[in-house]
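Structure, as C-alpha cells:
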Amino acid sequence: MKRLTRGSLAVLVALAMTVQIGVRSIPMVAANGNEGHIWLDCDPGARARDGGWQAGGIVCLPGPYEPNAVLEFDLIVMNRANDDLANLEVFLAIHGLGTDGPPENHPEFETTADDMASVTVETQSFVIADFSSTLENPFDEMWGGLHSVYVGDDAIWTAYLHAPEVLLAGETIRLHVTVVLGPNPSPLFEIHFDAWDKDADEKTPNGHDVTLASRGVQGNQPPEACFTFIPGDVVHEGDLVAMDASCSSDPDGKDDIVSYEWDFDVDVDSDGDGITENDINAVGPHVSFIWFDDYKSTVKLTIADSNGNADITYGTVTVLNLPPEGTFEGGLLEIELCIRMAGSKWSNAEAKIWESYDEIAGHGDRLIADIEVERWPGPPDENPTSTSDSCVPLILDVTGTYDYTAVVTYDPFPDNGDAIMGDQPNNGKDPNNNAGNPLWLICKFPDGTECKWHHTFNTQQSIIRDSNHWNHVEPWIVPLNFGLVAGAPIKFMASATDPGTDDLTFDWDWGDGSSDSTTYLYDGVRGPDPAYPPGSPYEPYAPPLGLNDPAPPVYATNTMFHTYATPGDYTVALTMTDDDGGVWTYQTTLTVVDTFCM
C-alpha cells in the first residue's frame, strides 16, 4: 500500500473539493464491492462561505478559524438502501504521527491541543486524548475506506457510538457538531467524518464523506462590499435615491461587518480638507441622497469588520435633467374700482368682485374684492363703506386668461346683518313705499380715464313688484371687460419652478418685432451653471455637501412691462429654458384696442 506524504495529502484533499460535482455523477462502490448506501453531507448554515449544503459534502467550511473559535454545523446521514442499517457508527479522524520520517519533520500536520480543544457530536464530546489508532483503520484502503486521505499511522480516530443503532431504509438524520478550536489553530487543520455499518459492511463512498478543513484560511476574513441604487442607477434631478448595502457579505458572517461609510461623489472634496479620498457623507447599511442637477456621480462604499479588515466598492448613478414647469399669469392692468350710491338714506349696497363667476352657482372661482356702502345723509361721495374707502385697488388680467365680474346686491333693511348699520330703514318711511337708490360702478385707469356703469335699485320695484326691468333687477351683474389699450403699459407676469438647481431664462417675443430676456441664476456668487456634461460639481448636493439656500425646488417669477403702439392682433410667445436645455413654452394672441371700456 502506497502511503501519502503530507504534501500529497493536501493536494488530494484540495482536488477532492474541486471535482466534487463530477464525483457525485459516478456510481459509488465500497471497497468490498457493495454499493455504498450510507450518504454523508454537511450543512454549515448561514456562516458558510457559500451558504447551505455543500455539494457532495467534501468540505464543510463554517469558519472562522480563529483562536478559540466555536464552529458549528450539522452532519447529515442518509440510508439510501432498501434495507435497515442495524449497527451504525460515525467515525472522526484527525492527523496523527507523520509517515515520512519522525513527526518533528512535519509538525504542521500533527493535530495538537493548539489546533483543537474538543469536538462534540450531539451530546458526546471528544478531546485529543480520546483519539487513537488501531489496526482496523476505517479510513484506509485496506479496510475498504477508499478515501486515500487518512492511511496507516498518519491518522488517529474515534467513533461516536450514540447514533441510532438502527437507521431505517430511506431515513435521514442530522447530528449537530460543535468544534472548539485551540489557542493557535493550524492553517491546514482538518477533522474528517465517515459513517460505517459494521453488520452490513457499508461505508460512505469516496466523495461523500465530510471534512472540516481550514484549507489555509486562518483567522478573520475580510468582508466583501456591495450595494444597489433604488429605484435604479438612472434617475432624475430631485429624485430621492436610496443606497442599499444589504448585499454586502463577510465569510465570518454578516454580523461581523461593523461599519458602512459612504462618499456620495469621489470627485468632490465635501469636507474641504483638500483630500477627496477621506470624505464620509453618510454611515449605515441603508442611506439616501438627492442629486439636484443632472450629473454623473461615482459613489464609494467602504465597509469594515470587527478586526479592521475593509473592502471598498464603487457605483455610478446618472442623474437626468427635468425641464422647468411654467405658469403664464397674464397681462395685468392695475385699476381702482369705486362704488357710489345716492337716493334714499340708510339703504345698503354691496359689490363683490369674482374671478370666473358662474351665475347659476352664484359664485366664482375666487373672490378678489368686496366693498359695501351705506347711503347716509349728505353728498353721495361721503357715504361710509365697509373698507373705509369707496374704492378698492384691483389687478386684472386683460389678455383673456381670466374674466372678472362685479356682483352688486341691494338691501333696504339696515339691521339685517350688514357690515354698516343705519338707524332707520328707507329714510324713516315704509320700506314698501317707492324709494330709489341710484348706484354707479366706476373703474379708474392709470392714465386717468374712467369707465362708468349705472344702475338704480328701487325699493318698490325690487321688493314688491319683483321687476325684471334691467335697471331694477337684483343682483346687478356687471362683466368687467377691459381692452388692452394701445399706448398703455401692460404688466406681463409668468412663474416657473424647477426640481433642481438650474438657472432659468425667460424669453418673451411680443409679436410686434420686439423681445425681452431675463435669466435667474441659482447661485449668483458662483455664476452660471455649466451645462451637462460635465455639469456642475457643486450644485447637485444637499447637506452634508453644502447645498445653498434655498433648497430645491426653486421658484422664479418674471415681471415685464410692454406697450403696444397701435391697435391690432399680436401673438405673444414665452419660452422658459433651464441651463441644461429643458424647455417650457406658452403662446397667446392679444387684441389691442383704442379704449379701455368695452
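We label chains A, B, ... in the order they appear in the C-alpha cells, count residues from 1 in each chain, and number ligands from 1 in the order shown.
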
**OP:** Name all residues at most 9 Å from range 277-280 of chain A (count only C-alpha atoms; drop same-chain ones fewer than 2 positions away) and give them as a ChimeraX atom specification.
**Re:** /A:261-273,275,282-283

For the selection you just gave me, I'd like the residues written to a file as a compact mmCIF listing (two decimals), in the first residue's frame, keeping all heavy atoms.
```txt
# COMPACT_ATOMS: atom_id res chain seq x y z
N GLU A 261 -19.48 53.16 5.42
CA GLU A 261 -19.19 54.59 5.22
C GLU A 261 -19.34 54.92 3.74
O GLU A 261 -18.81 54.21 2.86
CB GLU A 261 -17.78 54.93 5.69
CG GLU A 261 -17.57 54.72 7.18
CD GLU A 261 -16.15 55.00 7.64
OE1 GLU A 261 -15.24 55.06 6.79
OE2 GLU A 261 -15.95 55.15 8.87
N TRP A 262 -20.06 56.04 3.48
CA TRP A 262 -20.41 56.40 2.11
C TRP A 262 -19.79 57.74 1.72
O TRP A 262 -19.81 58.69 2.50
CB TRP A 262 -21.93 56.52 1.96
CG TRP A 262 -22.69 55.29 2.30
CD1 TRP A 262 -23.07 54.87 3.53
CD2 TRP A 262 -23.17 54.30 1.37
NE1 TRP A 262 -23.77 53.68 3.44
CE2 TRP A 262 -23.84 53.31 2.13
CE3 TRP A 262 -23.11 54.17 -0.01
CZ2 TRP A 262 -24.44 52.22 1.54
CZ3 TRP A 262 -23.71 53.06 -0.59
CH2 TRP A 262 -24.36 52.10 0.18
N ASP A 263 -19.25 57.78 0.52
CA ASP A 263 -18.83 59.02 -0.12
C ASP A 263 -19.71 59.17 -1.37
O ASP A 263 -19.61 58.36 -2.30
CB ASP A 263 -17.35 58.96 -0.50
CG ASP A 263 -16.85 60.25 -1.15
OD1 ASP A 263 -17.68 61.15 -1.42
OD2 ASP A 263 -15.64 60.35 -1.40
N PHE A 264 -20.57 60.18 -1.39
CA PHE A 264 -21.55 60.30 -2.46
C PHE A 264 -20.96 60.80 -3.78
O PHE A 264 -21.63 60.76 -4.80
CB PHE A 264 -22.69 61.21 -2.03
CG PHE A 264 -23.54 60.62 -0.95
CD1 PHE A 264 -24.09 61.42 0.03
CD2 PHE A 264 -23.80 59.27 -0.91
CE1 PHE A 264 -24.88 60.88 1.03
CE2 PHE A 264 -24.58 58.71 0.09
CZ PHE A 264 -25.12 59.52 1.06
N ASP A 265 -19.73 61.31 -3.76
CA ASP A 265 -19.06 61.69 -5.01
C ASP A 265 -17.57 61.69 -4.75
O ASP A 265 -17.06 62.52 -3.99
CB ASP A 265 -19.52 63.07 -5.49
CG ASP A 265 -19.09 63.34 -6.93
OD1 ASP A 265 -18.02 62.86 -7.33
OD2 ASP A 265 -19.84 64.01 -7.65
N VAL A 266 -16.87 60.75 -5.37
CA VAL A 266 -15.43 60.63 -5.13
C VAL A 266 -14.64 61.79 -5.71
O VAL A 266 -13.48 61.99 -5.37
CB VAL A 266 -14.89 59.30 -5.71
CG1 VAL A 266 -15.55 58.11 -5.02
CG2 VAL A 266 -15.10 59.22 -7.22
N ASP A 267 -15.28 62.57 -6.61
CA ASP A 267 -14.57 63.70 -7.22
C ASP A 267 -14.75 65.01 -6.47
O ASP A 267 -14.18 66.03 -6.85
CB ASP A 267 -15.05 63.89 -8.67
CG ASP A 267 -14.71 62.70 -9.55
OD1 ASP A 267 -13.64 62.10 -9.34
OD2 ASP A 267 -15.52 62.37 -10.43
N VAL A 268 -15.55 65.01 -5.42
CA VAL A 268 -15.83 66.23 -4.68
C VAL A 268 -15.26 66.12 -3.28
O VAL A 268 -15.50 65.13 -2.58
CB VAL A 268 -17.36 66.49 -4.61
CG1 VAL A 268 -17.65 67.67 -3.69
CG2 VAL A 268 -17.90 66.78 -6.00
N ASP A 269 -14.49 67.12 -2.89
CA ASP A 269 -13.93 67.18 -1.53
C ASP A 269 -14.96 67.84 -0.63
O ASP A 269 -14.93 69.03 -0.36
CB ASP A 269 -12.63 67.97 -1.55
CG ASP A 269 -12.02 68.13 -0.16
OD1 ASP A 269 -12.33 67.29 0.71
OD2 ASP A 269 -11.27 69.10 0.05
N SER A 270 -15.90 67.03 -0.11
CA SER A 270 -17.03 67.60 0.60
C SER A 270 -16.68 68.13 1.98
O SER A 270 -17.37 69.01 2.50
CB SER A 270 -18.15 66.57 0.73
OG SER A 270 -17.68 65.42 1.39
N ASP A 271 -15.60 67.61 2.61
CA ASP A 271 -15.25 68.13 3.93
C ASP A 271 -14.25 69.27 3.88
O ASP A 271 -13.88 69.84 4.91
CB ASP A 271 -14.73 67.00 4.84
CG ASP A 271 -13.46 66.34 4.29
OD1 ASP A 271 -12.87 66.86 3.31
OD2 ASP A 271 -13.06 65.31 4.86
N GLY A 272 -13.80 69.63 2.65
CA GLY A 272 -12.98 70.82 2.48
C GLY A 272 -11.56 70.72 3.00
O GLY A 272 -10.90 71.75 3.18
N ASP A 273 -11.05 69.48 3.22
CA ASP A 273 -9.68 69.37 3.75
C ASP A 273 -8.63 69.20 2.66
O ASP A 273 -7.46 68.97 2.94
CB ASP A 273 -9.59 68.21 4.74
CG ASP A 273 -9.82 66.85 4.07
OD1 ASP A 273 -10.19 66.82 2.87
OD2 ASP A 273 -9.65 65.81 4.75
N ILE A 275 -8.54 66.76 0.50
CA ILE A 275 -8.36 65.34 0.17
C ILE A 275 -9.74 64.76 -0.16
O ILE A 275 -10.65 64.78 0.68
CB ILE A 275 -7.74 64.56 1.35
CG1 ILE A 275 -6.42 65.19 1.77
CG2 ILE A 275 -7.54 63.09 0.97
CD1 ILE A 275 -5.83 64.60 3.03
N ALA A 282 -22.19 59.80 4.76
CA ALA A 282 -23.25 59.12 5.48
C ALA A 282 -22.70 57.79 5.99
O ALA A 282 -21.67 57.29 5.49
CB ALA A 282 -24.47 58.89 4.59
N VAL A 283 -23.37 57.22 7.00
CA VAL A 283 -22.96 55.94 7.55
C VAL A 283 -24.20 55.05 7.69
O VAL A 283 -25.32 55.54 7.78
CB VAL A 283 -22.26 56.10 8.92
CG1 VAL A 283 -20.96 56.86 8.78
CG2 VAL A 283 -23.17 56.79 9.92
```

Which residues, written as a short mmCIF file (atom, residue, chain, number, x, y, z; two decimals) with N, CA and C atoms, in the first residue's frame, have at least one atom at most 10 Å from Thr123 in chain A, with only C-alpha atoms counted and residues fewer than 6 positions away on the same chain left out?
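This is the output file out_14.cif:
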```
data_model
loop_
_atom_site.label_atom_id
_atom_site.label_comp_id
_atom_site.auth_asym_id
_atom_site.auth_seq_id
_atom_site.Cartn_x
_atom_site.Cartn_y
_atom_site.Cartn_z
N TYR A 160 -18.23 7.92 17.28
CA TYR A 160 -19.41 8.37 18.01
C TYR A 160 -20.40 7.21 17.97
N HIS A 162 -23.27 6.86 19.63
CA HIS A 162 -24.64 7.12 20.05
C HIS A 162 -25.55 7.50 18.88
N LEU A 175 -26.96 15.17 12.83
CA LEU A 175 -26.17 15.13 14.05
C LEU A 175 -25.46 16.47 14.17
N HIS A 176 -25.78 17.20 15.22
CA HIS A 176 -25.19 18.53 15.38
C HIS A 176 -23.77 18.40 15.92
N VAL A 177 -22.84 19.08 15.27
CA VAL A 177 -21.42 19.01 15.63
C VAL A 177 -20.95 20.39 16.08
N THR A 178 -20.23 20.41 17.22
CA THR A 178 -19.62 21.64 17.72
C THR A 178 -18.13 21.40 17.91
#
```

Original post:
Quick one: distance from CA of Gly436 in chain A to CA of Trp376 in chain A in Å, one decimal?
Top reply: 13.9 Å

Subject >> Interatomic distance (Å, one decimal) between CA of Ala496 in chain A and CA of Gly238 in chain A >> reply: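 Between CA of Ala496 in chain A and CA of Gly238 in chain A the gap works out to 15.7 Å.
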
Original post:
When distances are computed from only C-alpha atoms, which of A:Thr456, A:Thr505, A:Thr111, A:Ser306 shows the smallest separation from Gly581 in chain A?
Top reply: A:Thr505

**OP:** Give the answer as one residue: which of A:Ala494, A:Leu322, A:Ala169, A:Leu85 has the shortest atom-to-atom distance to Lys203 in chain A, using only C-alpha atoms?
**Re:**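 Of A:Ala494, A:Leu322, A:Ala169, A:Leu85, the one nearest Lys203 in chain A, counting only C-alpha atoms, is A:Leu85.
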
Original post:
Would you give me, as an MDAnalysis selection string, the residues in range 112-330 of chain A that DSSP reads as strand (DSSP E or B)?
Top reply: chainID A and resid 116:121 124:126 132 155:160 167 172:181 190:197 202:203 210:213 219 224 228:230 234:236 240:244 249 257:263 282:283 286:290 295:305 310:320 325:330

Name all residues at most 7 Å from Ala93 in chain A (count only C-alpha atoms; drop same-chain ones fewer than 5 positions away) and give them as a compact mmCIF listing (two decimals) with N, CA and C atoms, in the first residue's frame.
```
# COMPACT_ATOMS: atom_id res chain seq x y z
N ALA A 155 -3.06 8.97 10.87
CA ALA A 155 -4.30 9.48 11.42
C ALA A 155 -4.64 8.71 12.69
N ILE A 156 -5.33 9.38 13.57
CA ILE A 156 -5.92 8.74 14.73
C ILE A 156 -7.40 9.05 14.71
N TRP A 157 -8.20 8.18 15.28
CA TRP A 157 -9.64 8.33 15.12
C TRP A 157 -10.37 7.82 16.36
N THR A 158 -11.65 8.14 16.38
CA THR A 158 -12.53 7.65 17.42
C THR A 158 -13.91 7.50 16.80
N ILE A 191 -10.66 17.95 10.41
CA ILE A 191 -11.33 16.84 11.09
C ILE A 191 -12.16 16.13 10.03
N HIS A 192 -11.99 14.81 9.93
CA HIS A 192 -12.68 14.04 8.90
C HIS A 192 -13.76 13.17 9.55
N PHE A 193 -14.90 13.06 8.85
CA PHE A 193 -16.04 12.29 9.35
C PHE A 193 -16.42 11.22 8.33
```

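The protein and nucleic acid residues lying at most 6 Å from range 380-387 of chain A are Met341, Ala342, Glu372, Val373 and Glu374 of chain A, with only C-alpha atoms considered and sequence neighbours fewer than 6 positions away removed.
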
Residues just named, written with N, CA, C and O atoms as a tab-separated table (two decimals), in the first residue's frame:
```
chain	number	residue	atom	x	y	z
A	341	MET	N	-73.21	105.71	-4.31
A	341	MET	CA	-74.63	105.46	-4.10
A	341	MET	C	-75.33	106.76	-3.70
A	341	MET	O	-74.84	107.53	-2.86
A	342	ALA	N	-76.49	107.02	-4.31
A	342	ALA	CA	-77.30	108.19	-3.99
A	342	ALA	C	-78.72	107.72	-3.64
A	342	ALA	O	-79.01	106.53	-3.60
A	372	GLU	N	-68.76	97.38	0.64
A	372	GLU	CA	-70.15	97.66	0.95
A	372	GLU	C	-70.29	99.16	1.28
A	372	GLU	O	-69.43	99.73	1.96
A	373	VAL	N	-71.36	99.76	0.78
A	373	VAL	CA	-71.60	101.18	1.02
A	373	VAL	C	-73.01	101.36	1.57
A	373	VAL	O	-73.93	100.61	1.22
A	374	GLU	N	-73.17	102.33	2.47
A	374	GLU	CA	-74.48	102.67	3.02
A	374	GLU	C	-74.79	104.14	2.71
A	374	GLU	O	-73.92	105.00	2.86
```

Original post:
At what distance in Å, to one decimal, does CA of Glu450 in chain A lie from CA of Val407 in chain A?
Top reply: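 Going from CA of Val407 in chain A over to CA of Glu450 in chain A covers 19.3 Å.
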
Original post:
Out of A:Lys345, A:Lys444, A:His455, A:Lys352, which residue has the shortest atom-to-atom distance to Leu367 in chain A when counting only C-alpha atoms?
Top reply: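 Among the listed residues, the smallest separation from Leu367 in chain A belongs to A:Lys352.
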